[in-house]
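Undergrad: Sharing target.pdb below, PDB, C-alpha atoms:
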```pdb
ATOM      1  CA  MET A   1     -25.239 -16.558  67.107
ATOM      2  CA  ASP A   2     -28.457 -18.544  66.662
ATOM      3  CA  LYS A   3     -28.772 -18.674  62.867
ATOM      4  CA  VAL A   4     -31.838 -20.912  62.607
ATOM      5  CA  VAL A   5     -34.741 -19.725  60.454
ATOM      6  CA  THR A   6     -38.134 -21.370  60.437
ATOM      7  CA  SER A   7     -39.062 -21.243  56.754
ATOM      8  CA  ALA A   8     -37.355 -21.684  53.405
ATOM      9  CA  ASP A   9     -38.997 -18.546  52.068
ATOM     10  CA  GLU A  10     -37.432 -16.518  54.876
ATOM     11  CA  ALA A  11     -34.076 -18.189  54.289
ATOM     12  CA  VAL A  12     -33.819 -17.006  50.647
ATOM     13  CA  ARG A  13     -35.274 -13.528  51.143
ATOM     14  CA  ASP A  14     -31.944 -11.832  50.344
ATOM     15  CA  VAL A  15     -31.670 -13.364  46.854
ATOM     16  CA  VAL A  16     -32.709 -10.534  44.536
ATOM     17  CA  ASP A  17     -32.634  -9.890  40.797
ATOM     18  CA  GLY A  18     -29.213  -9.816  39.144
ATOM     19  CA  MET A  19     -27.297 -11.657  41.872
ATOM     20  CA  THR A  20     -24.684 -14.378  41.429
ATOM     21  CA  LEU A  21     -25.866 -17.540  43.165
ATOM     22  CA  ALA A  22     -23.821 -20.681  43.891
ATOM     23  CA  THR A  23     -25.580 -23.959  44.668
ATOM     24  CA  GLY A  24     -23.975 -27.075  46.084
ATOM     25  CA  GLY A  25     -24.420 -30.617  44.896
ATOM     26  CA  PHE A  26     -23.293 -32.927  42.135
ATOM     27  CA  GLY A  27     -25.970 -34.060  39.739
ATOM     28  CA  ILE A  28     -28.857 -34.178  42.190
ATOM     29  CA  CYS A  29     -26.759 -35.534  45.084
ATOM     30  CA  GLY A  30     -26.460 -33.107  47.978
ATOM     31  CA  ILE A  31     -28.447 -30.327  46.329
ATOM     32  CA  PRO A  32     -30.283 -27.711  48.445
ATOM     33  CA  ALA A  33     -33.609 -28.882  47.029
ATOM     34  CA  VAL A  34     -35.872 -27.180  49.583
ATOM     35  CA  LEU A  35     -34.133 -23.806  49.281
ATOM     36  CA  LEU A  36     -34.204 -23.991  45.477
ATOM     37  CA  ARG A  37     -37.944 -24.637  45.497
ATOM     38  CA  ALA A  38     -38.372 -21.590  47.730
ATOM     39  CA  LEU A  39     -36.243 -19.495  45.373
ATOM     40  CA  ALA A  40     -38.363 -20.638  42.435
ATOM     41  CA  ARG A  41     -41.415 -19.409  44.337
ATOM     42  CA  ARG A  42     -39.691 -16.119  45.085
ATOM     43  CA  GLY A  43     -39.031 -15.580  41.389
ATOM     44  CA  SER A  44     -35.761 -13.591  41.551
ATOM     45  CA  ARG A  45     -34.595 -13.108  37.959
ATOM     46  CA  ASP A  46     -31.470 -12.447  35.851
ATOM     47  CA  LEU A  47     -29.444 -14.733  38.102
ATOM     48  CA  THR A  48     -25.942 -15.961  37.344
ATOM     49  CA  VAL A  49     -25.902 -19.489  38.747
ATOM     50  CA  VAL A  50     -22.623 -21.210  39.644
ATOM     51  CA  SER A  51     -23.030 -24.950  40.008
ATOM     52  CA  ASN A  52     -21.602 -28.211  38.761
ATOM     53  CA  ASN A  53     -24.678 -28.662  36.534
ATOM     54  CA  CYS A  54     -28.247 -27.502  36.031
ATOM     55  CA  GLY A  55     -30.112 -30.416  37.571
ATOM     56  CA  LEU A  56     -32.810 -32.558  35.990
ATOM     57  CA  PRO A  57     -36.233 -31.470  34.704
ATOM     58  CA  GLY A  58     -38.321 -30.371  37.683
ATOM     59  CA  ILE A  59     -35.461 -30.858  40.153
ATOM     60  CA  GLY A  60     -32.852 -28.535  41.667
ATOM     61  CA  ASN A  61     -31.416 -25.751  39.539
ATOM     62  CA  SER A  62     -33.689 -26.777  36.686
ATOM     63  CA  LEU A  63     -36.611 -25.241  38.589
ATOM     64  CA  LEU A  64     -34.952 -21.844  38.204
ATOM     65  CA  LEU A  65     -34.152 -22.542  34.561
ATOM     66  CA  GLU A  66     -37.717 -23.563  33.729
ATOM     67  CA  ASN A  67     -38.976 -20.468  35.541
ATOM     68  CA  ARG A  68     -36.746 -18.252  33.338
ATOM     69  CA  GLN A  69     -34.783 -17.013  36.367
ATOM     70  CA  ILE A  70     -31.283 -17.841  35.067
ATOM     71  CA  ARG A  71     -29.428 -15.409  32.814
ATOM     72  CA  ARG A  72     -26.040 -17.169  32.863
ATOM     73  CA  LEU A  73     -24.930 -20.615  34.049
ATOM     74  CA  ILE A  74     -21.315 -21.189  35.093
ATOM     75  CA  ALA A  75     -20.998 -24.965  35.140
ATOM     76  CA  SER A  76     -18.764 -27.893  34.253
ATOM     77  CA  TYR A  77     -21.467 -30.223  32.883
ATOM     78  CA  VAL A  78     -24.472 -29.307  30.766
ATOM     79  CA  GLY A  79     -25.854 -32.717  29.767
ATOM     80  CA  GLU A  80     -29.052 -34.460  30.927
ATOM     81  CA  ASN A  81     -31.272 -31.362  30.717
ATOM     82  CA  LYS A  82     -33.087 -30.862  27.409
ATOM     83  CA  GLU A  83     -34.595 -27.542  28.489
ATOM     84  CA  LEU A  84     -31.114 -26.174  29.153
ATOM     85  CA  GLU A  85     -30.065 -27.313  25.684
ATOM     86  CA  ARG A  86     -33.095 -25.635  24.126
ATOM     87  CA  GLN A  87     -32.654 -22.327  25.973
ATOM     88  CA  TYR A  88     -28.917 -22.276  25.234
ATOM     89  CA  LEU A  89     -29.245 -22.932  21.508
ATOM     90  CA  THR A  90     -32.001 -20.316  21.144
ATOM     91  CA  GLY A  91     -30.087 -17.620  23.005
ATOM     92  CA  GLU A  92     -32.303 -17.536  26.096
ATOM     93  CA  VAL A  93     -29.530 -18.432  28.519
ATOM     94  CA  GLU A  94     -25.748 -18.016  28.548
ATOM     95  CA  ILE A  95     -23.376 -20.829  29.489
ATOM     96  CA  GLU A  96     -19.817 -20.365  30.722
ATOM     97  CA  LEU A  97     -18.433 -23.883  30.465
ATOM     98  CA  THR A  98     -15.620 -24.505  32.957
ATOM     99  CA  PRO A  99     -13.566 -27.682  33.563
ATOM    100  CA  GLN A 100     -14.789 -29.358  36.727
ATOM    101  CA  GLY A 101     -11.555 -29.141  38.710
ATOM    102  CA  THR A 102     -11.110 -25.541  37.608
ATOM    103  CA  LEU A 103     -14.647 -24.712  38.768
ATOM    104  CA  ALA A 104     -13.941 -26.259  42.167
ATOM    105  CA  GLU A 105     -10.680 -24.322  42.485
ATOM    106  CA  ARG A 106     -12.292 -21.040  41.382
ATOM    107  CA  LEU A 107     -14.735 -21.426  44.272
ATOM    108  CA  ARG A 108     -12.042 -22.507  46.733
ATOM    109  CA  ALA A 109      -9.871 -19.554  45.722
ATOM    110  CA  GLY A 110     -12.784 -17.194  46.272
ATOM    111  CA  GLY A 111     -13.210 -18.514  49.791
ATOM    112  CA  ALA A 112      -9.473 -18.331  50.498
ATOM    113  CA  GLY A 113      -9.094 -14.715  49.330
ATOM    114  CA  ILE A 114      -7.063 -15.641  46.241
ATOM    115  CA  PRO A 115      -8.245 -13.508  43.290
ATOM    116  CA  ALA A 116      -6.758 -15.731  40.565
ATOM    117  CA  PHE A 117      -4.543 -18.764  39.988
ATOM    118  CA  TYR A 118      -2.713 -20.567  37.183
ATOM    119  CA  THR A 119      -3.504 -24.078  35.972
ATOM    120  CA  ARG A 120      -2.444 -26.413  33.186
ATOM    121  CA  THR A 121      -6.053 -27.429  32.575
ATOM    122  CA  GLY A 122      -7.298 -26.037  29.282
ATOM    123  CA  VAL A 123      -3.951 -24.901  27.899
ATOM    124  CA  GLY A 124      -3.997 -25.037  24.095
ATOM    125  CA  THR A 125      -7.783 -25.454  23.928
ATOM    126  CA  GLN A 126     -10.698 -23.060  23.539
ATOM    127  CA  VAL A 127     -10.849 -22.848  27.324
ATOM    128  CA  ALA A 128      -7.678 -20.750  27.128
ATOM    129  CA  LEU A 129      -7.756 -19.537  23.534
ATOM    130  CA  GLY A 130     -11.362 -18.348  23.628
ATOM    131  CA  GLY A 131     -14.124 -18.858  21.097
ATOM    132  CA  LEU A 132     -16.438 -21.089  23.119
ATOM    133  CA  PRO A 133     -20.066 -20.083  22.457
ATOM    134  CA  VAL A 134     -21.426 -18.324  25.540
ATOM    135  CA  ARG A 135     -24.662 -17.120  23.955
ATOM    136  CA  TYR A 136     -26.320 -17.973  20.673
ATOM    137  CA  ALA A 137     -28.515 -15.690  18.591
ATOM    138  CA  ALA A 138     -32.040 -16.680  17.623
ATOM    139  CA  ASP A 139     -30.816 -17.625  14.125
ATOM    140  CA  GLY A 140     -28.271 -20.083  15.534
ATOM    141  CA  SER A 141     -25.192 -17.906  15.053
ATOM    142  CA  VAL A 142     -22.817 -17.219  17.964
ATOM    143  CA  ALA A 143     -23.796 -13.886  19.544
ATOM    144  CA  LEU A 144     -21.164 -13.976  22.301
ATOM    145  CA  ALA A 145     -18.007 -16.078  22.504
ATOM    146  CA  SER A 146     -15.603 -16.566  25.388
ATOM    147  CA  ALA A 147     -12.586 -14.265  25.447
ATOM    148  CA  PRO A 148      -8.973 -15.493  25.457
ATOM    149  CA  LYS A 149      -7.484 -15.952  28.920
ATOM    150  CA  PRO A 150      -4.009 -14.772  29.959
ATOM    151  CA  THR A 151      -1.317 -17.451  29.843
ATOM    152  CA  GLU A 152       2.165 -17.473  31.290
ATOM    153  CA  SER A 153       5.110 -19.848  31.346
ATOM    154  CA  PHE A 154       6.540 -21.234  34.565
ATOM    155  CA  ALA A 155       9.324 -23.697  35.286
ATOM    156  CA  TRP A 156       7.519 -26.846  36.437
ATOM    157  CA  ASP A 157       9.342 -30.060  37.271
ATOM    158  CA  GLY A 158      12.388 -28.714  35.494
ATOM    159  CA  THR A 159      10.498 -27.854  32.308
ATOM    160  CA  GLU A 160       9.129 -24.543  31.101
ATOM    161  CA  ARG A 161       5.398 -25.010  30.672
ATOM    162  CA  ALA A 162       2.409 -22.836  29.810
ATOM    163  CA  PHE A 163      -0.346 -22.177  32.352
ATOM    164  CA  VAL A 164      -3.680 -20.402  31.950
ATOM    165  CA  ARG A 165      -4.930 -17.860  34.478
ATOM    166  CA  GLU A 166      -8.361 -18.461  36.000
ATOM    167  CA  GLU A 167     -10.183 -15.954  38.182
ATOM    168  CA  ALA A 168     -11.790 -16.795  41.521
ATOM    169  CA  LEU A 169     -15.564 -16.863  41.996
ATOM    170  CA  ARG A 170     -17.217 -14.762  44.725
ATOM    171  CA  PRO A 171     -20.980 -15.414  44.591
ATOM    172  CA  ASP A 172     -23.348 -13.050  46.376
ATOM    173  CA  VAL A 173     -25.240 -15.959  47.958
ATOM    174  CA  SER A 174     -24.713 -19.710  48.220
ATOM    175  CA  LEU A 175     -27.321 -22.354  48.946
ATOM    176  CA  VAL A 176     -26.018 -25.652  50.344
ATOM    177  CA  ARG A 177     -27.277 -28.830  51.973
ATOM    178  CA  ALA A 178     -25.710 -30.575  54.965
ATOM    179  CA  TRP A 179     -26.410 -33.843  56.758
ATOM    180  CA  LYS A 180     -25.950 -32.357  60.220
ATOM    181  CA  GLY A 181     -25.582 -28.867  61.608
ATOM    182  CA  ASP A 182     -25.932 -26.859  64.791
ATOM    183  CA  ARG A 183     -27.489 -23.487  65.536
ATOM    184  CA  HIS A 184     -24.171 -21.688  65.005
ATOM    185  CA  GLY A 185     -23.941 -23.035  61.443
ATOM    186  CA  ASN A 186     -21.219 -25.650  61.941
ATOM    187  CA  LEU A 187     -21.902 -28.270  59.267
ATOM    188  CA  VAL A 188     -21.162 -31.919  58.537
ATOM    189  CA  PHE A 189     -21.689 -33.379  55.065
ATOM    190  CA  ARG A 190     -22.277 -37.070  54.453
ATOM    191  CA  LYS A 191     -20.290 -39.081  51.933
ATOM    192  CA  ALA A 192     -20.766 -37.987  48.309
ATOM    193  CA  ALA A 193     -22.801 -34.932  49.369
ATOM    194  CA  ARG A 194     -19.503 -33.451  50.506
ATOM    195  CA  ASN A 195     -18.878 -32.376  46.927
ATOM    196  CA  PHE A 196     -19.278 -28.723  45.926
ATOM    197  CA  ASN A 197     -21.186 -27.778  49.075
ATOM    198  CA  PRO A 198     -18.247 -26.663  51.287
ATOM    199  CA  LEU A 199     -16.617 -24.812  48.388
ATOM    200  CA  CYS A 200     -19.789 -22.898  47.532
ATOM    201  CA  ALA A 201     -20.344 -21.991  51.170
ATOM    202  CA  MET A 202     -16.798 -20.688  51.653
ATOM    203  CA  ALA A 203     -16.793 -18.633  48.451
ATOM    204  CA  ALA A 204     -20.013 -16.677  48.958
ATOM    205  CA  ARG A 205     -20.593 -13.411  50.763
ATOM    206  CA  ARG A 206     -23.697 -14.938  52.348
ATOM    207  CA  THR A 207     -24.513 -18.645  52.789
ATOM    208  CA  VAL A 208     -27.776 -20.397  53.598
ATOM    209  CA  ALA A 209     -27.687 -24.079  54.597
ATOM    210  CA  GLU A 210     -30.549 -26.533  54.751
ATOM    211  CA  VAL A 211     -29.783 -29.201  57.354
ATOM    212  CA  GLU A 212     -31.214 -32.692  57.628
ATOM    213  CA  HIS A 213     -30.418 -33.059  61.337
ATOM    214  CA  LEU A 214     -30.229 -29.974  63.564
ATOM    215  CA  VAL A 215     -28.386 -30.526  66.862
ATOM    216  CA  ASP A 216     -27.528 -28.318  69.822
ATOM    217  CA  VAL A 217     -24.281 -26.372  69.895
ATOM    218  CA  GLY A 218     -21.505 -28.588  71.258
ATOM    219  CA  GLU A 219     -22.963 -31.878  70.034
ATOM    220  CA  ILE A 220     -20.699 -31.943  66.992
ATOM    221  CA  ASP A 221     -17.110 -32.856  67.808
ATOM    222  CA  PRO A 222     -14.969 -29.936  66.563
ATOM    223  CA  ASP A 223     -12.713 -32.439  64.785
ATOM    224  CA  GLN A 224     -15.743 -33.669  62.799
ATOM    225  CA  VAL A 225     -16.837 -30.249  61.510
ATOM    226  CA  HIS A 226     -16.435 -30.049  57.732
ATOM    227  CA  LEU A 227     -17.449 -26.389  57.458
ATOM    228  CA  PRO A 228     -17.119 -23.930  60.373
ATOM    229  CA  GLY A 229     -20.125 -21.788  61.189
ATOM    230  CA  ILE A 230     -18.258 -18.595  60.322
ATOM    231  CA  HIS A 231     -19.090 -19.358  56.678
ATOM    232  CA  VAL A 232     -22.833 -19.806  57.302
ATOM    233  CA  ASP A 233     -25.392 -17.042  57.847
ATOM    234  CA  ARG A 234     -28.669 -18.969  58.035
ATOM    235  CA  VAL A 235     -29.619 -22.537  58.925
ATOM    236  CA  LEU A 236     -32.895 -24.098  57.812
ATOM    237  CA  PRO A 237     -33.764 -27.358  59.631
ATOM    238  CA  LEU A 238     -35.596 -29.801  57.378
ATOM    239  CA  THR A 239     -38.537 -31.982  58.313
ATOM    240  CA  GLY A 240     -38.093 -35.739  58.248
ATOM    241  CA  GLU A 241     -40.009 -35.916  54.993
ATOM    242  CA  GLN A 242     -37.866 -33.212  53.382
ATOM    243  CA  ALA A 243     -34.653 -34.869  54.563
ATOM    244  CA  ALA A 244     -35.708 -38.226  53.116
ATOM    245  CA  ASP A 245     -36.651 -36.753  49.728
ATOM    246  CA  LYS A 246     -33.495 -37.597  47.752
ATOM    247  CA  GLY A 247     -33.679 -38.340  44.075
ATOM    248  CA  ILE A 248     -31.601 -40.782  42.060
ATOM    249  CA  GLU A 249     -30.203 -39.249  38.904
ATOM    250  CA  ARG A 250     -29.891 -42.476  36.950
ATOM    251  CA  ARG A 251     -31.202 -45.651  38.552
ATOM    252  CA  THR A 252     -29.104 -48.721  37.676
ATOM    253  CA  VAL A 253     -29.859 -52.199  39.005
ATOM    254  CA  ARG A 254     -28.560 -55.690  38.321
ATOM    255  CA  PRO A 255     -30.865 -58.392  36.957
ATOM    256  CA  CYS A 256     -32.123 -60.646  39.721
ATOM    257  CA  PRO A 257     -30.751 -64.216  39.355
ATOM    258  CA  THR A 258     -33.535 -66.711  38.631
ATOM    259  CA  SER A 259     -32.011 -69.782  40.222
ATOM    260  CA  GLY A 260     -28.919 -71.126  41.872
ATOM    261  CA  PRO A 261     -27.625 -73.413  44.582
ATOM    262  CA  THR A 262     -27.033 -70.530  47.020
ATOM    263  CA  GLY A 263     -30.755 -70.010  47.584
ATOM    264  CA  HIS A 264     -30.761 -66.402  46.358
ATOM    265  CA  GLY A 265     -33.215 -64.793  43.957
ATOM    266  CA  GLU A 266     -36.221 -66.490  42.408
ATOM    267  CA  GLY A 267     -34.744 -69.930  42.987
ATOM    268  CA  ALA A 268     -35.097 -69.458  46.747
ATOM    269  CA  ARG A 269     -38.897 -69.356  46.649
TER     270      ARG A 269
END
```
What would you get if you wrote out this structure as structure tokens?
TA:
Amino acid sequence: MDKVVTSADEAVRDVVDGMTLATGGFGICGIPAVLLRALARRGSRDLTVVSNNCGLPGIGNSLLLENRQIRRLIASYVGENKELERQYLTGEVEIELTPQGTLAERLRAGGAGIPAFYTRTGVGTQVALGGLPVRYAADGSVALASAPKPTESFAWDGTERAFVREEALRPDVSLVRAWKGDRHGNLVFRKAARNFNPLCAMAARRTVAEVEHLVDVGEIDPDQVHLPGIHVDRVLPLTGEQAADKGIERRTVRPCPTSGPTGHGEGAR
């Protein structure tokens, strides 16, 4: 039952060429940064990566991209990363663009044993009709386009409406990051980091979690557990320095007031 491993390299040893890998996080919030660096060192190639996005240059999933380890990216957002844009438009990487809520539900369905589901999202668009560029050729033409998806009509709120069928995702391995965890793999996520992490962990056949605070079994109130340990196969405790290393995707600050009767800002000096 003790699932703790002592090194990130040991934790990702089962990720081999050709696997489907899901990684938690949103932007660079709650990403398994330490495990991804270890996977970049390992060099496993031809990976299909399922994630909300591909990270920022030098951070997160982008490490795998820059190392030419990703064959296909299944994501809901592809902005912010110029290297992803370059590789996509030159045919070096495939992108399966998926609406964000649909991506979340495809992962949740995979974890719940539901092979497919119907949704209104994407009806009447290329998401359902097909034709989205998945891979470009070197000359800029579309080498591979998305196929049409099955649609069906259902009575919904008293009206017959069209729905598109989406298939569940069942990654081979998921890498996630938690704020707290115990040796059995019970995990707690903190605030916005509770984004795609639980969904990725539930959907995968094997899950590895990096944990900022490792506690003894029994220290986490069962009612506070966000993800039961049954979904987790390995736990990597982080050092204090690793736990504190959290990037900010886009830093935004307010101008400091220069004066004022309240004594704040420069006027208080």
Undergrad: Under the rule that all atoms listed in the file are counted, which of A:Ile230, A:Leu36, A:Ala244, A:Leu63 is the nearest residue to A:Lys3?
TA: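 Of A:Ile230, A:Leu36, A:Ala244, A:Leu63, the one nearest A:Lys3 is A:Ile230, counting all atoms listed in the file.
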Undergrad: Could you list, as a list of chain:residue names, every residue within 8 Å of A:Gln224, counting all atoms listed in the file and ignoring same-chain residues fewer than 3 positions away?
TA: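 In the requested form, the answer reads A:Val188, A:Ile220, A:Asp221.
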Undergrad: Between atom CA of A:Ala168 and atom CA of A:Ala112, what is the spacing in Å?
TA: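 One can read the atom CA of A:Ala112 to atom CA of A:Ala168 distance as 9.4 Å.
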Undergrad: So which residues get picked by the PyMOL selection byres ((chain A and resi 90-103) around 7) here, written as JSON, numbers by chain?
TA: {"A": [70, 71, 72, 73, 74, 75, 76, 86, 87, 88, 89, 104, 105, 106, 107, 134, 135, 136, 137, 138, 140]}
Undergrad: Nearest to A:Leu64 among A:Ile114, A:Ala22, A:Ala40, A:Ala243, with distances taken over only C-alpha atoms: which residue is it?
TA: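 Smallest distance to A:Leu64 is found for A:Ala40.
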Undergrad: Applying 10 Å and only C-alpha atoms, which residues near stretch 11-20 of chain A remain after dropping the ones on its own chain fewer than 5 positions away? List them as number ranges by chain.
TA: A: 4-6, 35-36, 38-39, 42-50, 69-74, 169-175, 204, 206-210, 233-236
Undergrad: Just the number, please: distance in Å from atom CA of A:His213 to atom CA of A:Lys180, one decimal.
TA: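 Computing the Euclidean distance for atom CA of A:His213 and atom CA of A:Lys180 yields 4.7 Å.
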Undergrad: Here's the selection I'm unsure about, the PyMOL selection byres ((chain A and resi 57) around 8); applied to the file above, which residues does it give, as a ChimeraX atom specification?
TA: /A:55-56,58-59,62-63,81-83
Undergrad: Tell me, in Å to one decimal, how far atom CA of A:Met1 is from atom CA of A:His184.
TA: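 Pair atom CA of A:Met1 / atom CA of A:His184 returns 5.6 Å.
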Undergrad: First collect every listed atom of stretch 13-18 of chain A; then fit an axis-aligned box around them, widen it by 4 Å on each side, and give centre and edge lengths in Å to one decimal, as JSON.
TA:
```
{"center_x": -32.2, "center_y": -11.7, "center_z": 45.1, "size_x": 14.1, "size_y": 11.7, "size_z": 20.0}
```
Undergrad: Please provide as a VMD selection string all residues within 12 Å of A:Asp245, with the sequence filter that same-chain residues fewer than 5 positions apart are discarded (counting all atoms listed in the file).
TA: chain A and resid 28 to 34 59 212 238 to 240
Undergrad: Report the residues retrieved by the PyMOL selection byres ((chain A and resi 118) around 10) from the displayed file, expressed as a PyMOL selection string.
TA: chain A and resi 102+116-117+119-121+150-154+162-167
Undergrad: Could you check which residues have any atom within 8 Å of (-20.2, -29.5, 51.9), counting all atoms listed in the file with coordinates taken straight from the file, and then list them as a compact mmCIF listing (two decimals) with C-alpha atoms, keeping the file's coordinate frame?
TA:
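Wrote result18.txt, looks like this:
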```txt
# COMPACT_ATOMS: atom_id res chain seq x y z
CA GLY A 24 -23.98 -27.08 46.08
CA VAL A 176 -26.02 -25.65 50.34
CA ARG A 177 -27.28 -28.83 51.97
CA ALA A 178 -25.71 -30.58 54.96
CA LEU A 187 -21.90 -28.27 59.27
CA VAL A 188 -21.16 -31.92 58.54
CA PHE A 189 -21.69 -33.38 55.06
CA ALA A 193 -22.80 -34.93 49.37
CA ARG A 194 -19.50 -33.45 50.51
CA ASN A 195 -18.88 -32.38 46.93
CA PHE A 196 -19.28 -28.72 45.93
CA ASN A 197 -21.19 -27.78 49.08
CA PRO A 198 -18.25 -26.66 51.29
CA LEU A 199 -16.62 -24.81 48.39
CA CYS A 200 -19.79 -22.90 47.53
CA ALA A 201 -20.34 -21.99 51.17
CA HIS A 226 -16.43 -30.05 57.73
CA LEU A 227 -17.45 -26.39 57.46
```
Undergrad: Identify which of the residues A:Arg190, A:Arg108, A:Lys149, A:Arg68 lies closest to A:Val225, counting only C-alpha atoms when measuring atom-to-atom distances.
TA: A:Arg190
